[in-house]
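A.B. asks: Sending over entry_32.tsv (TSV, N, CA and C atoms).
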```tsv
chain	number	residue	atom	x	y	z
W	1	MET	N	-27.05	-4.86	124.00
W	1	MET	CA	-26.83	-3.51	124.48
W	1	MET	C	-25.44	-3.05	124.06
W	2	ALA	N	-25.28	-1.76	123.88
W	2	ALA	CA	-24.03	-1.18	123.40
W	2	ALA	C	-22.94	-1.28	124.47
W	3	THR	N	-21.70	-1.30	124.02
W	3	THR	CA	-20.59	-1.35	124.97
W	3	THR	C	-20.33	0.03	125.55
W	4	ASP	N	-20.65	1.08	124.81
W	4	ASP	CA	-20.50	2.44	125.32
W	4	ASP	C	-21.66	2.76	126.24
W	5	HIS	N	-21.42	3.68	127.17
W	5	HIS	CA	-22.48	4.07	128.10
W	5	HIS	C	-22.51	5.58	128.20
W	6	ILE	N	-23.69	6.15	128.08
W	6	ILE	CA	-23.89	7.59	128.26
W	6	ILE	C	-24.86	7.76	129.41
W	7	ASP	N	-24.44	8.46	130.45
W	7	ASP	CA	-25.28	8.69	131.61
W	7	ASP	C	-26.23	9.86	131.34
W	8	VAL	N	-27.51	9.57	131.23
W	8	VAL	CA	-28.51	10.59	130.91
W	8	VAL	C	-28.55	11.68	131.97
W	9	ASN	N	-28.42	11.31	133.23
W	9	ASN	CA	-28.48	12.31	134.30
W	9	ASN	C	-27.29	13.27	134.23
W	10	TYR	N	-26.12	12.75	133.86
W	10	TYR	CA	-24.94	13.60	133.70
W	10	TYR	C	-25.13	14.59	132.55
W	11	VAL	N	-25.63	14.09	131.42
W	11	VAL	CA	-25.86	14.96	130.26
W	11	VAL	C	-26.94	15.99	130.57
W	12	ALA	N	-28.00	15.56	131.25
W	12	ALA	CA	-29.07	16.50	131.63
W	12	ALA	C	-28.53	17.58	132.54
W	13	ASN	N	-27.65	17.22	133.46
W	13	ASN	CA	-27.05	18.21	134.35
W	13	ASN	C	-26.21	19.21	133.57
W	14	LEU	N	-25.44	18.74	132.59
W	14	LEU	CA	-24.65	19.64	131.75
W	14	LEU	C	-25.54	20.61	130.98
W	15	ALA	N	-26.70	20.12	130.55
W	15	ALA	CA	-27.64	20.95	129.78
W	15	ALA	C	-28.56	21.75	130.70
W	16	ARG	N	-28.36	21.61	132.00
W	16	ARG	CA	-29.19	22.29	132.99
W	16	ARG	C	-30.67	21.95	132.83
W	17	LEU	N	-30.92	20.65	132.65
W	17	LEU	CA	-32.28	20.13	132.53
W	17	LEU	C	-32.61	19.35	133.78
W	18	GLU	N	-33.82	19.51	134.25
W	18	GLU	CA	-34.28	18.72	135.38
W	18	GLU	C	-35.18	17.61	134.84
W	19	LEU	N	-34.75	16.37	135.04
W	19	LEU	CA	-35.52	15.23	134.57
W	19	LEU	C	-36.17	14.52	135.75
W	20	THR	N	-37.38	14.06	135.54
W	20	THR	CA	-38.01	13.22	136.54
W	20	THR	C	-37.38	11.83	136.44
W	21	ALA	N	-37.63	11.00	137.44
W	21	ALA	CA	-37.08	9.64	137.43
W	21	ALA	C	-37.62	8.87	136.23
W	22	GLU	N	-38.87	9.09	135.90
W	22	GLU	CA	-39.48	8.41	134.75
W	22	GLU	C	-38.83	8.85	133.44
W	23	GLU	N	-38.62	10.17	133.29
W	23	GLU	CA	-37.97	10.69	132.08
W	23	GLU	C	-36.54	10.16	131.98
W	24	SER	N	-35.84	10.14	133.09
W	24	SER	CA	-34.47	9.66	133.10
W	24	SER	C	-34.39	8.22	132.66
W	25	THR	N	-35.30	7.38	133.15
W	25	THR	CA	-35.33	5.97	132.77
W	25	THR	C	-35.65	5.82	131.28
W	26	THR	N	-36.65	6.57	130.81
W	26	THR	CA	-37.04	6.50	129.41
W	26	THR	C	-35.91	6.93	128.49
W	27	PHE	N	-35.29	8.08	128.79
W	27	PHE	CA	-34.22	8.59	127.94
W	27	PHE	C	-32.99	7.69	127.99
W	28	GLN	N	-32.69	7.12	129.16
W	28	GLN	CA	-31.53	6.23	129.26
W	28	GLN	C	-31.74	5.01	128.37
W	29	ARG	N	-32.94	4.46	128.38
W	29	ARG	CA	-33.25	3.30	127.54
W	29	ARG	C	-33.15	3.68	126.06
W	30	GLN	N	-33.64	4.87	125.69
W	30	GLN	CA	-33.59	5.31	124.30
W	30	GLN	C	-32.15	5.50	123.83
W	31	ILE	N	-31.31	6.10	124.68
W	31	ILE	CA	-29.91	6.30	124.30
W	31	ILE	C	-29.20	4.96	124.13
W	32	GLU	N	-29.48	4.01	125.04
W	32	GLU	CA	-28.85	2.70	124.92
W	32	GLU	C	-29.33	1.98	123.66
W	33	ASP	N	-30.59	2.16	123.28
W	33	ASP	CA	-31.10	1.59	122.03
W	33	ASP	C	-30.38	2.19	120.83
W	34	ILE	N	-30.18	3.51	120.84
W	34	ILE	CA	-29.48	4.19	119.74
W	34	ILE	C	-28.04	3.67	119.63
W	35	LEU	N	-27.36	3.56	120.76
W	35	LEU	CA	-25.99	3.04	120.74
W	35	LEU	C	-25.96	1.59	120.24
W	36	GLY	N	-27.00	0.83	120.57
W	36	GLY	CA	-27.10	-0.54	120.06
W	36	GLY	C	-27.24	-0.57	118.55
W	37	TYR	N	-28.05	0.36	118.00
W	37	TYR	CA	-28.21	0.45	116.55
W	37	TYR	C	-26.88	0.82	115.88
W	38	ILE	N	-26.14	1.70	116.51
W	38	ILE	CA	-24.84	2.10	115.97
W	38	ILE	C	-23.89	0.91	115.96
W	39	ASP	N	-23.90	0.12	117.05
W	39	ASP	CA	-23.06	-1.08	117.08
W	39	ASP	C	-23.45	-2.06	115.98
W	40	LYS	N	-24.74	-2.18	115.72
W	40	LYS	CA	-25.22	-3.07	114.65
W	40	LYS	C	-24.72	-2.58	113.30
W	41	LEU	N	-24.74	-1.25	113.08
W	41	LEU	CA	-24.24	-0.69	111.82
W	41	LEU	C	-22.73	-0.92	111.68
W	42	ASN	N	-22.01	-0.89	112.79
W	42	ASN	CA	-20.56	-1.10	112.75
W	42	ASN	C	-20.20	-2.52	112.33
W	43	GLU	N	-21.16	-3.45	112.41
W	43	GLU	CA	-20.91	-4.83	111.99
W	43	GLU	C	-20.86	-4.97	110.47
W	44	LEU	N	-21.39	-3.99	109.74
W	44	LEU	CA	-21.44	-4.05	108.28
W	44	LEU	C	-20.06	-3.85	107.68
W	45	ASP	N	-19.78	-4.55	106.59
W	45	ASP	CA	-18.53	-4.37	105.86
W	45	ASP	C	-18.69	-3.19	104.90
W	46	THR	N	-18.03	-2.10	105.20
W	46	THR	CA	-18.13	-0.90	104.36
W	46	THR	C	-16.81	-0.59	103.66
W	47	SER	N	-15.93	-1.59	103.56
W	47	SER	CA	-14.61	-1.35	102.97
W	47	SER	C	-14.68	-0.98	101.49
W	48	ASP	N	-15.70	-1.43	100.77
W	48	ASP	CA	-15.82	-1.11	99.34
W	48	ASP	C	-16.71	0.08	99.07
W	49	ILE	N	-17.15	0.77	100.11
W	49	ILE	CA	-18.06	1.91	99.94
W	49	ILE	C	-17.29	3.20	100.13
W	50	GLU	N	-17.40	4.06	99.14
W	50	GLU	CA	-16.69	5.34	99.19
W	50	GLU	C	-17.40	6.28	100.18
W	51	PRO	N	-16.64	6.96	101.06
W	51	PRO	CA	-17.26	7.89	102.00
W	51	PRO	C	-17.96	9.03	101.26
W	52	THR	N	-19.10	9.45	101.78
W	52	THR	CA	-19.84	10.55	101.17
W	52	THR	C	-20.29	11.52	102.25
W	53	ALA	N	-20.53	12.75	101.84
W	53	ALA	CA	-21.04	13.76	102.76
W	53	ALA	C	-22.55	13.74	102.81
W	54	HIS	N	-23.18	13.26	101.74
W	54	HIS	CA	-24.64	13.20	101.65
W	54	HIS	C	-25.07	11.81	101.18
W	55	ALA	N	-26.24	11.40	101.62
W	55	ALA	CA	-26.74	10.08	101.21
W	55	ALA	C	-27.10	10.06	99.72
W	56	ALA	N	-27.52	11.20	99.21
W	56	ALA	CA	-27.89	11.31	97.79
W	56	ALA	C	-27.00	12.38	97.15
W	57	PRO	N	-26.73	12.26	95.86
W	57	PRO	CA	-25.90	13.27	95.20
W	57	PRO	C	-26.53	14.67	95.29
W	58	VAL	N	-25.69	15.67	95.48
W	58	VAL	CA	-26.15	17.05	95.57
W	58	VAL	C	-25.53	17.83	94.42
W	59	PHE	N	-26.37	18.51	93.69
W	59	PHE	CA	-25.90	19.31	92.56
W	59	PHE	C	-26.30	20.76	92.78
W	60	ASP	N	-25.36	21.67	92.59
W	60	ASP	CA	-25.67	23.10	92.69
W	60	ASP	C	-26.34	23.55	91.41
W	61	ARG	N	-27.34	24.36	91.58
W	61	ARG	CA	-27.98	24.95	90.41
W	61	ARG	C	-27.44	26.37	90.29
W	62	VAL	N	-26.64	26.58	89.29
W	62	VAL	CA	-25.97	27.87	89.12
W	62	VAL	C	-26.45	28.49	87.82
W	63	ARG	N	-26.90	29.72	87.91
W	63	ARG	CA	-27.33	30.42	86.70
W	63	ARG	C	-26.14	31.21	86.15
W	64	GLU	N	-26.21	31.54	84.89
W	64	GLU	CA	-25.17	32.33	84.26
W	64	GLU	C	-25.22	33.76	84.82
W	65	ASP	N	-24.05	34.36	85.00
W	65	ASP	CA	-24.00	35.76	85.41
W	65	ASP	C	-24.42	36.64	84.23
W	66	GLU	N	-25.24	37.60	84.53
W	66	GLU	CA	-25.64	38.54	83.49
W	66	GLU	C	-25.87	39.91	84.11
W	67	VAL	N	-25.53	40.91	83.35
W	67	VAL	CA	-25.69	42.28	83.82
W	67	VAL	C	-27.16	42.65	83.75
W	68	ARG	N	-27.67	43.19	84.84
W	68	ARG	CA	-29.06	43.64	84.89
W	68	ARG	C	-29.10	45.05	85.42
W	69	PRO	N	-30.09	45.81	85.04
W	69	PRO	CA	-30.19	47.16	85.61
W	69	PRO	C	-30.55	47.07	87.09
W	70	SER	N	-29.97	47.97	87.86
W	70	SER	CA	-30.27	47.99	89.29
W	70	SER	C	-30.84	49.36	89.65
W	71	LEU	N	-31.19	49.52	90.91
W	71	LEU	CA	-31.76	50.77	91.39
W	71	LEU	C	-30.71	51.88	91.32
W	72	GLU	N	-31.08	52.99	90.77
W	72	GLU	CA	-30.16	54.13	90.69
W	72	GLU	C	-29.85	54.64	92.09
W	73	ARG	N	-28.64	55.14	92.29
W	73	ARG	CA	-28.19	55.62	93.59
W	73	ARG	C	-29.11	56.70	94.14
W	74	ASP	N	-29.44	57.70	93.34
W	74	ASP	CA	-30.30	58.79	93.81
W	74	ASP	C	-31.71	58.28	94.14
W	75	ALA	N	-32.22	57.37	93.36
W	75	ALA	CA	-33.55	56.81	93.64
W	75	ALA	C	-33.53	56.07	94.96
W	76	PHE	N	-32.45	55.34	95.24
W	76	PHE	CA	-32.33	54.61	96.50
W	76	PHE	C	-32.26	55.58	97.67
W	77	LEU	N	-31.44	56.60	97.56
W	77	LEU	CA	-31.30	57.57	98.65
W	77	LEU	C	-32.61	58.31	98.90
W	78	ASN	N	-33.41	58.53	97.86
W	78	ASN	CA	-34.69	59.22	98.03
W	78	ASN	C	-35.70	58.40	98.83
W	79	ILE	N	-35.61	57.06	98.76
W	79	ILE	CA	-36.56	56.24	99.50
W	79	ILE	C	-36.00	55.75	100.84
W	80	ALA	N	-34.74	56.07	101.13
W	80	ALA	CA	-34.12	55.64	102.39
W	80	ALA	C	-34.72	56.41	103.56
W	81	PRO	N	-34.86	55.78	104.73
W	81	PRO	CA	-35.45	56.46	105.88
W	81	PRO	C	-34.61	57.64	106.37
W	82	GLU	N	-33.26	57.50	106.29
W	82	GLU	CA	-32.41	58.58	106.76
W	82	GLU	C	-31.09	58.55	106.00
W	83	THR	N	-30.65	59.71	105.53
W	83	THR	CA	-29.38	59.82	104.82
W	83	THR	C	-28.56	60.97	105.40
W	84	VAL	N	-27.23	60.86	105.25
W	84	VAL	CA	-26.31	61.90	105.68
W	84	VAL	C	-25.18	61.93	104.66
W	85	ASN	N	-24.89	63.10	104.11
W	85	ASN	CA	-23.81	63.27	103.13
W	85	ASN	C	-23.94	62.29	101.97
W	86	ASP	N	-25.12	62.16	101.43
W	86	ASP	CA	-25.41	61.25	100.31
W	86	ASP	C	-25.06	59.79	100.63
W	87	GLN	N	-25.21	59.42	101.90
W	87	GLN	CA	-25.00	58.04	102.31
W	87	GLN	C	-26.17	57.60	103.19
W	88	LEU	N	-26.42	56.31	103.21
W	88	LEU	CA	-27.48	55.75	104.03
W	88	LEU	C	-27.03	55.74	105.48
W	89	ARG	N	-27.87	56.23	106.38
W	89	ARG	CA	-27.55	56.23	107.80
W	89	ARG	C	-28.27	55.04	108.46
W	90	VAL	N	-27.49	54.26	109.22
W	90	VAL	CA	-28.04	53.08	109.91
W	90	VAL	C	-27.75	53.20	111.39
W	91	PRO	N	-28.51	52.50	112.22
W	91	PRO	CA	-28.26	52.55	113.66
W	91	PRO	C	-26.92	51.93	114.02
W	92	LYS	N	-26.32	52.40	115.08
W	92	LYS	CA	-25.06	51.86	115.57
W	92	LYS	C	-25.31	50.44	116.07
W	93	VAL	N	-24.44	49.51	115.66
W	93	VAL	CA	-24.65	48.12	116.02
W	93	VAL	C	-23.58	47.60	117.00
W	94	ILE	N	-22.57	48.40	117.31
W	94	ILE	CA	-21.53	47.97	118.25
W	94	ILE	C	-21.66	48.81	119.50
W	95	GLU	N	-21.79	48.14	120.63
W	95	GLU	CA	-21.94	48.84	121.89
W	95	GLU	C	-20.57	49.02	122.51
W	96	GLU	N	-20.36	50.17	123.13
W	96	GLU	CA	-19.11	50.44	123.81
W	96	GLU	C	-19.17	49.83	125.20
W	97	MET	N	-18.03	49.36	125.67
W	97	MET	CA	-17.99	48.75	127.01
W	97	MET	C	-17.43	49.71	128.01
```
Mind converting the file's structure to structure tokens?
C.D. replies:
Amino acid sequence: MATDHIDVNYVANLARLELTAEESTTFQRQIEDILGYIDKLNELDTSDIEPTAHAAPVFDRVREDEVRPSLERDAFLNIAPETVNDQLRVPKVIEEM
């Protein structure tokens, strides 16, 4: 069993969860098993292993920038639901207090 202890009932209270006695016992056992697995991993010698952010290499797929035709301003304003002074009108998103 792990040397660290996490009280399931305390965590459930913080999360405002109501656990039955059976759920509390089950979750407590599961958390202690997880902490035991972590302790087992800590026994491994990782001094020669470089830290990584991902288990597998991640490569970005980046396309070349290229100029493309876009929607003309007047065409966009013609299909907009509401415009004012040649601008798109949108609903107010900030509420006053």
A.B. asks: Can you work out the spacing between CA of Phe27 in chain W and atom C of Asp7 in chain W in Å, to one decimal?
C.D. replies: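 It comes out at 8.8 Å.
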A.B. asks: Interatomic distance between CA of Ala75 in chain W and CA of Arg89 in chain W?
C.D. replies: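 Distance reported for this atom pair: 15.4 Å.
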A.B. asks: Can you work out the spacing between atom C of Glu32 in chain W and atom C of Ala56 in chain W in Å, to one decimal?
C.D. replies: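 Taking atom C of Glu32 in chain W as the start and atom C of Ala56 in chain W as the end point, the length is 28.6 Å.
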A.B. asks: List the residues sitting within 12 Å of (-29.6, 10.8, 130.7) in the file's frame, using only C-alpha atoms, as JSON, numbers by chain.
C.D. replies: {"W": [5, 6, 7, 8, 9, 10, 11, 12, 13, 14, 15, 16, 17, 18, 19, 20, 21, 22, 23, 24, 25, 26, 27, 28, 29, 30, 31, 32]}
A.B. asks: Excluding Leu77 in chain W and any residue of its chain fewer than 6 positions from it, enumerate the residues within 8 Å of it, using all atoms listed in the file, and give them as a list in words.
C.D. replies: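 Counting all atoms listed in the file, the residues come to Leu71, Thr83, Asp86, Gln87 and Leu88 of chain W.
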A.B. asks: Please extract the residues of chain W with a backbone DSSP assignment of alpha helix (DSSP H) and present them as a PyMOL selection string.
C.D. replies: chain W and resi 8-14+21-42+73-79
A.B. asks: From a DSSP pass on the backbone, collect the residues of chain W flagged as strand (DSSP E) and hand them back as a VMD selection string.
C.D. replies: chain W and resid 83 to 84 87 to 88
